[in-house]
Amino acid sequence: MSARCQVTGAEPGFGKSVSHSHRRTNRRWDPNLQRKEYFVPSLGRTVTLTVSARGIKTIDRQGIESVVARIRARGESI
């Protein structure tokens, strides 16, 4: 499973870690992903989504119905 939020599309960021001696090594900043179950009344079942913390706040604001409709419009299966 990829490190990608199904709601916001947040993906890992890549860059360099810089030590005190200024040596640079590769690193990545992963999004804060959680697996959450939501009950969707229009589907009559629960759906499990991989969402970031910002995605959870988006669902709280807009509602699970509109978010699921947007995900399905993109062609993603739930």
# chains A, B, ... in the order shown; residues from 1 in each chain; ligands from 1

$ select_by_dssp --residues "chain A" --states "alpha helix (DSSP H)" --output "PyMOL selection string"
chain A and resi 53-62+64-73

$ write_last_selection --atoms "all heavy atoms" --output "compact mmCIF listing (two decimals), in the first residue's frame"
# COMPACT_ATOMS: atom_id res chain seq x y z
N ALA A 53 -4.08 13.14 8.74
CA ALA A 53 -4.75 13.90 9.79
C ALA A 53 -5.53 15.06 9.19
O ALA A 53 -6.64 15.37 9.62
CB ALA A 53 -3.73 14.40 10.80
N ARG A 54 -4.98 15.69 8.15
CA ARG A 54 -5.68 16.78 7.48
C ARG A 54 -6.90 16.25 6.74
O ARG A 54 -7.94 16.92 6.65
CB ARG A 54 -4.73 17.48 6.51
CG ARG A 54 -5.29 18.77 5.95
CD ARG A 54 -4.27 19.48 5.13
NE ARG A 54 -3.95 18.67 3.95
CZ ARG A 54 -3.06 19.04 3.04
NH1 ARG A 54 -2.37 20.15 3.18
NH2 ARG A 54 -2.83 18.28 1.99
N GLY A 55 -6.82 15.01 6.21
CA GLY A 55 -7.95 14.40 5.54
C GLY A 55 -9.10 14.11 6.51
O GLY A 55 -10.27 14.22 6.14
N ILE A 56 -8.76 13.72 7.74
CA ILE A 56 -9.79 13.47 8.76
C ILE A 56 -10.53 14.77 9.06
O ILE A 56 -11.76 14.78 9.18
CB ILE A 56 -9.15 12.88 10.03
CG1 ILE A 56 -8.60 11.48 9.73
CG2 ILE A 56 -10.15 12.83 11.18
CD1 ILE A 56 -7.77 10.88 10.85
N LYS A 57 -9.78 15.87 9.16
CA LYS A 57 -10.42 17.17 9.41
C LYS A 57 -11.31 17.58 8.25
O LYS A 57 -12.37 18.18 8.45
CB LYS A 57 -9.36 18.23 9.66
CG LYS A 57 -8.59 18.03 10.94
CD LYS A 57 -7.47 19.04 11.06
CE LYS A 57 -6.59 18.70 12.24
NZ LYS A 57 -5.42 19.59 12.34
N THR A 58 -10.89 17.26 7.02
CA THR A 58 -11.69 17.56 5.84
C THR A 58 -13.00 16.79 5.88
O THR A 58 -14.07 17.34 5.57
CB THR A 58 -10.91 17.21 4.56
OG1 THR A 58 -9.70 17.96 4.55
CG2 THR A 58 -11.70 17.53 3.32
N ILE A 59 -12.94 15.52 6.26
CA ILE A 59 -14.16 14.70 6.37
C ILE A 59 -15.08 15.26 7.45
O ILE A 59 -16.29 15.31 7.27
CB ILE A 59 -13.79 13.23 6.64
CG1 ILE A 59 -13.11 12.62 5.42
CG2 ILE A 59 -15.03 12.42 7.02
CD1 ILE A 59 -12.53 11.25 5.65
N ASP A 60 -14.51 15.70 8.56
CA ASP A 60 -15.32 16.28 9.63
C ASP A 60 -16.03 17.55 9.16
O ASP A 60 -17.18 17.81 9.53
CB ASP A 60 -14.46 16.60 10.85
CG ASP A 60 -13.99 15.36 11.59
OD1 ASP A 60 -14.56 14.27 11.34
OD2 ASP A 60 -13.04 15.47 12.39
N ARG A 61 -15.35 18.36 8.33
CA ARG A 61 -15.93 19.62 7.86
C ARG A 61 -16.98 19.40 6.77
O ARG A 61 -18.07 19.94 6.84
CB ARG A 61 -14.82 20.52 7.30
CG ARG A 61 -14.36 21.59 8.21
CD ARG A 61 -13.53 22.66 7.50
NE ARG A 61 -12.73 22.19 6.40
CZ ARG A 61 -11.49 21.72 6.49
NH1 ARG A 61 -10.91 21.62 7.65
NH2 ARG A 61 -10.82 21.35 5.42
N GLN A 62 -16.63 18.60 5.75
CA GLN A 62 -17.48 18.47 4.58
C GLN A 62 -18.47 17.32 4.67
O GLN A 62 -19.45 17.31 3.93
CB GLN A 62 -16.61 18.28 3.33
CG GLN A 62 -15.73 19.46 3.04
CD GLN A 62 -14.82 19.21 1.85
OE1 GLN A 62 -14.84 18.15 1.25
NE2 GLN A 62 -14.01 20.19 1.53
N ILE A 64 -18.82 12.83 5.26
CA ILE A 64 -18.31 11.63 4.59
C ILE A 64 -18.99 11.42 3.24
O ILE A 64 -18.37 10.93 2.30
CB ILE A 64 -18.43 10.38 5.50
CG1 ILE A 64 -17.72 9.18 4.89
CG2 ILE A 64 -19.87 10.07 5.80
CD1 ILE A 64 -16.24 9.30 4.79
N GLU A 65 -20.25 11.80 3.11
CA GLU A 65 -20.98 11.60 1.85
C GLU A 65 -20.31 12.34 0.69
O GLU A 65 -20.08 11.78 -0.38
CB GLU A 65 -22.43 12.07 1.98
CG GLU A 65 -23.27 11.23 2.91
CD GLU A 65 -23.66 9.89 2.33
OE1 GLU A 65 -23.51 9.68 1.11
OE2 GLU A 65 -24.11 9.04 3.10
N SER A 66 -20.01 13.62 0.89
CA SER A 66 -19.42 14.42 -0.19
C SER A 66 -17.99 13.98 -0.49
O SER A 66 -17.57 13.98 -1.65
CB SER A 66 -19.45 15.90 0.14
OG SER A 66 -18.62 16.18 1.24
N VAL A 67 -17.26 13.57 0.53
CA VAL A 67 -15.88 13.12 0.32
C VAL A 67 -15.86 11.81 -0.46
O VAL A 67 -15.08 11.64 -1.40
CB VAL A 67 -15.14 12.99 1.66
CG1 VAL A 67 -13.79 12.33 1.48
CG2 VAL A 67 -14.97 14.35 2.31
N VAL A 68 -16.74 10.87 -0.10
CA VAL A 68 -16.81 9.59 -0.81
C VAL A 68 -17.26 9.82 -2.25
O VAL A 68 -16.75 9.17 -3.17
CB VAL A 68 -17.75 8.61 -0.07
CG1 VAL A 68 -18.12 7.43 -0.93
CG2 VAL A 68 -17.09 8.13 1.22
N ALA A 69 -18.18 10.75 -2.47
CA ALA A 69 -18.63 11.05 -3.83
C ALA A 69 -17.47 11.58 -4.67
O ALA A 69 -17.32 11.23 -5.85
CB ALA A 69 -19.76 12.06 -3.80
N ARG A 70 -16.63 12.42 -4.06
CA ARG A 70 -15.47 12.98 -4.78
C ARG A 70 -14.44 11.89 -5.09
O ARG A 70 -13.87 11.86 -6.18
CB ARG A 70 -14.84 14.07 -3.96
CG ARG A 70 -13.93 14.96 -4.74
CD ARG A 70 -13.60 16.29 -4.07
NE ARG A 70 -13.87 16.33 -2.66
CZ ARG A 70 -12.92 16.48 -1.72
NH1 ARG A 70 -11.67 16.62 -2.05
NH2 ARG A 70 -13.25 16.55 -0.44
N ILE A 71 -14.23 10.96 -4.16
CA ILE A 71 -13.29 9.87 -4.38
C ILE A 71 -13.78 8.96 -5.50
O ILE A 71 -13.02 8.55 -6.38
CB ILE A 71 -13.07 9.07 -3.07
CG1 ILE A 71 -12.33 9.91 -2.04
CG2 ILE A 71 -12.29 7.78 -3.34
CD1 ILE A 71 -12.26 9.27 -0.67
N ARG A 72 -15.07 8.64 -5.49
CA ARG A 72 -15.64 7.77 -6.53
C ARG A 72 -15.65 8.47 -7.89
O ARG A 72 -15.52 7.82 -8.93
CB ARG A 72 -17.03 7.32 -6.13
CG ARG A 72 -16.99 6.42 -4.88
CD ARG A 72 -18.32 5.91 -4.54
NE ARG A 72 -18.57 4.72 -5.35
CZ ARG A 72 -19.70 4.05 -5.33
NH1 ARG A 72 -20.68 4.42 -4.57
NH2 ARG A 72 -19.85 2.99 -6.08
N ALA A 73 -15.81 9.79 -7.92
CA ALA A 73 -15.79 10.54 -9.17
C ALA A 73 -14.42 10.48 -9.83
O ALA A 73 -14.29 10.56 -11.05
CB ALA A 73 -16.21 11.98 -8.95

$ select_by_dssp --residues "chain A" --states "strand (DSSP E or B)" --output "PyMOL selection string"
chain A and resi 13-18+24-29+33-40+45-52

$ write_last_selection --atoms "N, CA and C atoms" --output "short mmCIF file (atom, residue, chain, number, x, y, z; two decimals), in the first residue's frame"
data_model
loop_
_atom_site.label_atom_id
_atom_site.label_comp_id
_atom_site.auth_asym_id
_atom_site.auth_seq_id
_atom_site.Cartn_x
_atom_site.Cartn_y
_atom_site.Cartn_z
N GLY A 13 7.25 13.65 1.09
CA GLY A 13 8.16 14.64 0.53
C GLY A 13 9.58 14.12 0.66
N PHE A 14 10.44 14.44 -0.29
CA PHE A 14 11.81 13.95 -0.28
C PHE A 14 12.77 15.11 -0.17
N GLY A 15 13.91 14.85 0.46
CA GLY A 15 14.91 15.89 0.60
C GLY A 15 16.17 15.33 1.23
N LYS A 16 16.91 16.19 1.87
CA LYS A 16 18.18 15.82 2.49
C LYS A 16 18.15 16.14 3.97
N SER A 17 18.77 15.27 4.76
CA SER A 17 19.04 15.53 6.15
C SER A 17 20.44 16.15 6.20
N VAL A 18 20.60 17.24 6.89
CA VAL A 18 21.90 17.90 6.95
C VAL A 18 22.40 17.84 8.39
N ARG A 24 25.19 15.45 3.87
CA ARG A 24 23.79 15.34 3.46
C ARG A 24 23.45 13.90 3.14
N THR A 25 22.35 13.43 3.72
CA THR A 25 21.86 12.08 3.45
C THR A 25 20.39 12.19 3.06
N ASN A 26 19.95 11.25 2.26
CA ASN A 26 18.56 11.28 1.79
C ASN A 26 17.60 10.97 2.93
N ARG A 27 16.45 11.59 2.89
CA ARG A 27 15.39 11.30 3.86
C ARG A 27 14.04 11.59 3.23
N ARG A 28 12.98 11.18 3.91
CA ARG A 28 11.65 11.48 3.41
C ARG A 28 10.74 11.86 4.56
N TRP A 29 9.80 12.75 4.26
CA TRP A 29 8.82 13.20 5.23
C TRP A 29 7.51 12.52 4.87
N LEU A 33 -0.52 9.23 8.18
CA LEU A 33 -1.61 8.42 7.65
C LEU A 33 -2.23 7.53 8.72
N GLN A 34 -3.55 7.42 8.67
CA GLN A 34 -4.32 6.57 9.58
C GLN A 34 -5.30 5.76 8.73
N ARG A 35 -5.61 4.56 9.20
CA ARG A 35 -6.67 3.77 8.57
C ARG A 35 -7.93 3.96 9.40
N LYS A 36 -8.96 4.55 8.79
CA LYS A 36 -10.19 4.87 9.51
C LYS A 36 -11.38 4.23 8.82
N GLU A 37 -12.32 3.76 9.62
CA GLU A 37 -13.58 3.22 9.10
C GLU A 37 -14.68 4.26 9.30
N TYR A 38 -15.44 4.49 8.24
CA TYR A 38 -16.57 5.42 8.29
C TYR A 38 -17.81 4.69 7.79
N PHE A 39 -18.94 4.94 8.40
CA PHE A 39 -20.21 4.41 7.91
C PHE A 39 -20.78 5.41 6.92
N VAL A 40 -21.08 4.93 5.70
CA VAL A 40 -21.64 5.78 4.65
C VAL A 40 -23.10 5.37 4.45
N ARG A 45 -23.06 0.79 4.16
CA ARG A 45 -21.97 -0.02 4.70
C ARG A 45 -20.84 0.88 5.19
N THR A 46 -19.86 0.26 5.84
CA THR A 46 -18.69 1.02 6.26
C THR A 46 -17.64 0.95 5.17
N VAL A 47 -16.84 2.00 5.08
CA VAL A 47 -15.71 2.03 4.15
C VAL A 47 -14.46 2.30 4.97
N THR A 48 -13.36 1.66 4.59
CA THR A 48 -12.09 1.88 5.25
C THR A 48 -11.24 2.75 4.33
N LEU A 49 -10.81 3.88 4.86
CA LEU A 49 -10.02 4.83 4.09
C LEU A 49 -8.65 5.01 4.73
N THR A 50 -7.64 5.22 3.90
CA THR A 50 -6.32 5.61 4.37
C THR A 50 -6.26 7.13 4.23
N VAL A 51 -6.32 7.81 5.37
CA VAL A 51 -6.41 9.27 5.35
C VAL A 51 -5.34 9.88 6.25
N SER A 52 -4.92 11.08 5.88
CA SER A 52 -3.98 11.82 6.71
C SER A 52 -4.79 12.56 7.79
#

$ atom_distance --atom1 "atom CA of Arg4 of chain A" --atom2 "atom CA of Ser77 of chain A"
14.5 Å

$ atom_distance --atom1 "atom CA of Ile78 of chain A" --atom2 "atom CA of Gly44 of chain A"
13.1 Å

$ decode --residues "segment 7-22 of chain A" --atoms "all heavy atoms" --output "short mmCIF file (atom, residue, chain, number, x, y, z; two decimals), in the first residue's frame"
data_model
loop_
_atom_site.label_atom_id
_atom_site.label_comp_id
_atom_site.auth_asym_id
_atom_site.auth_seq_id
_atom_site.Cartn_x
_atom_site.Cartn_y
_atom_site.Cartn_z
N VAL A 7 -8.00 11.15 0.53
CA VAL A 7 -8.84 12.35 0.51
C VAL A 7 -8.07 13.54 -0.06
O VAL A 7 -8.51 14.18 -1.01
CB VAL A 7 -9.37 12.68 1.92
CG1 VAL A 7 -10.17 13.97 1.91
CG2 VAL A 7 -10.22 11.53 2.44
N THR A 8 -6.91 13.84 0.50
CA THR A 8 -6.17 15.03 0.10
C THR A 8 -5.10 14.75 -0.94
O THR A 8 -4.60 15.68 -1.57
CB THR A 8 -5.49 15.69 1.32
OG1 THR A 8 -4.54 14.76 1.86
CG2 THR A 8 -6.50 16.08 2.37
N GLY A 9 -4.70 13.49 -1.09
CA GLY A 9 -3.66 13.15 -2.04
C GLY A 9 -2.25 13.42 -1.52
O GLY A 9 -1.30 13.44 -2.30
N ALA A 10 -2.11 13.63 -0.21
CA ALA A 10 -0.80 13.90 0.38
C ALA A 10 0.13 12.71 0.20
O ALA A 10 -0.25 11.58 0.44
CB ALA A 10 -0.95 14.22 1.86
N GLU A 11 1.34 12.98 -0.27
CA GLU A 11 2.35 11.95 -0.51
C GLU A 11 3.62 12.34 0.25
O GLU A 11 3.75 13.47 0.68
CB GLU A 11 2.66 11.84 -2.00
CG GLU A 11 1.53 11.30 -2.82
CD GLU A 11 1.88 11.24 -4.30
OE1 GLU A 11 2.58 12.13 -4.78
OE2 GLU A 11 1.43 10.29 -4.95
N PRO A 12 4.57 11.40 0.38
CA PRO A 12 5.82 11.74 1.06
C PRO A 12 6.59 12.82 0.32
O PRO A 12 6.57 12.89 -0.92
CB PRO A 12 6.62 10.43 1.04
CG PRO A 12 5.64 9.37 0.78
CD PRO A 12 4.52 9.98 0.01
N GLY A 13 7.25 13.65 1.09
CA GLY A 13 8.16 14.64 0.53
C GLY A 13 9.58 14.12 0.66
O GLY A 13 9.91 13.43 1.62
N PHE A 14 10.44 14.44 -0.29
CA PHE A 14 11.81 13.95 -0.28
C PHE A 14 12.77 15.11 -0.17
O PHE A 14 12.50 16.21 -0.66
CB PHE A 14 12.10 13.15 -1.56
CG PHE A 14 11.28 11.90 -1.66
CD1 PHE A 14 10.05 11.90 -2.28
CD2 PHE A 14 11.75 10.72 -1.11
CE1 PHE A 14 9.30 10.75 -2.37
CE2 PHE A 14 10.99 9.56 -1.18
CZ PHE A 14 9.77 9.58 -1.82
N GLY A 15 13.91 14.85 0.46
CA GLY A 15 14.91 15.89 0.60
C GLY A 15 16.17 15.33 1.23
O GLY A 15 16.45 14.14 1.14
N LYS A 16 16.91 16.19 1.87
CA LYS A 16 18.18 15.82 2.49
C LYS A 16 18.15 16.14 3.97
O LYS A 16 17.60 17.16 4.38
CB LYS A 16 19.34 16.59 1.85
CG LYS A 16 19.49 16.41 0.37
CD LYS A 16 20.12 15.10 0.04
CE LYS A 16 20.41 15.03 -1.45
NZ LYS A 16 20.96 13.76 -1.84
N SER A 17 18.77 15.27 4.76
CA SER A 17 19.04 15.53 6.15
C SER A 17 20.44 16.15 6.20
O SER A 17 21.36 15.61 5.59
CB SER A 17 19.06 14.23 6.94
OG SER A 17 18.19 14.28 8.01
N VAL A 18 20.60 17.24 6.89
CA VAL A 18 21.90 17.90 6.95
C VAL A 18 22.40 17.84 8.39
O VAL A 18 21.78 18.38 9.31
CB VAL A 18 21.81 19.37 6.48
CG1 VAL A 18 23.18 20.03 6.49
CG2 VAL A 18 21.22 19.44 5.09
N SER A 19 23.53 17.16 8.59
CA SER A 19 24.09 17.00 9.93
C SER A 19 24.87 18.24 10.34
O SER A 19 25.03 19.19 9.56
CB SER A 19 25.01 15.78 9.96
OG SER A 19 26.18 16.05 9.20
N HIS A 20 25.38 18.22 11.57
CA HIS A 20 26.16 19.35 12.08
C HIS A 20 27.41 19.57 11.23
O HIS A 20 27.83 20.70 11.01
CB HIS A 20 26.54 19.10 13.53
CG HIS A 20 27.34 20.19 14.15
ND1 HIS A 20 26.81 21.43 14.42
CD2 HIS A 20 28.64 20.24 14.52
CE1 HIS A 20 27.76 22.20 14.94
NE2 HIS A 20 28.88 21.48 15.02
N SER A 21 28.01 18.46 10.73
CA SER A 21 29.21 18.58 9.88
C SER A 21 28.84 18.91 8.44
O SER A 21 29.69 18.98 7.58
CB SER A 21 30.01 17.28 9.92
OG SER A 21 29.27 16.23 9.33
N HIS A 22 27.56 19.08 8.17
CA HIS A 22 27.00 19.46 6.88
C HIS A 22 27.02 18.33 5.85
O HIS A 22 26.93 18.58 4.65
CB HIS A 22 27.70 20.71 6.32
CG HIS A 22 26.76 21.64 5.63
ND1 HIS A 22 25.71 22.24 6.27
CD2 HIS A 22 26.68 22.04 4.35
CE1 HIS A 22 25.03 22.98 5.41
NE2 HIS A 22 25.61 22.88 4.24
#
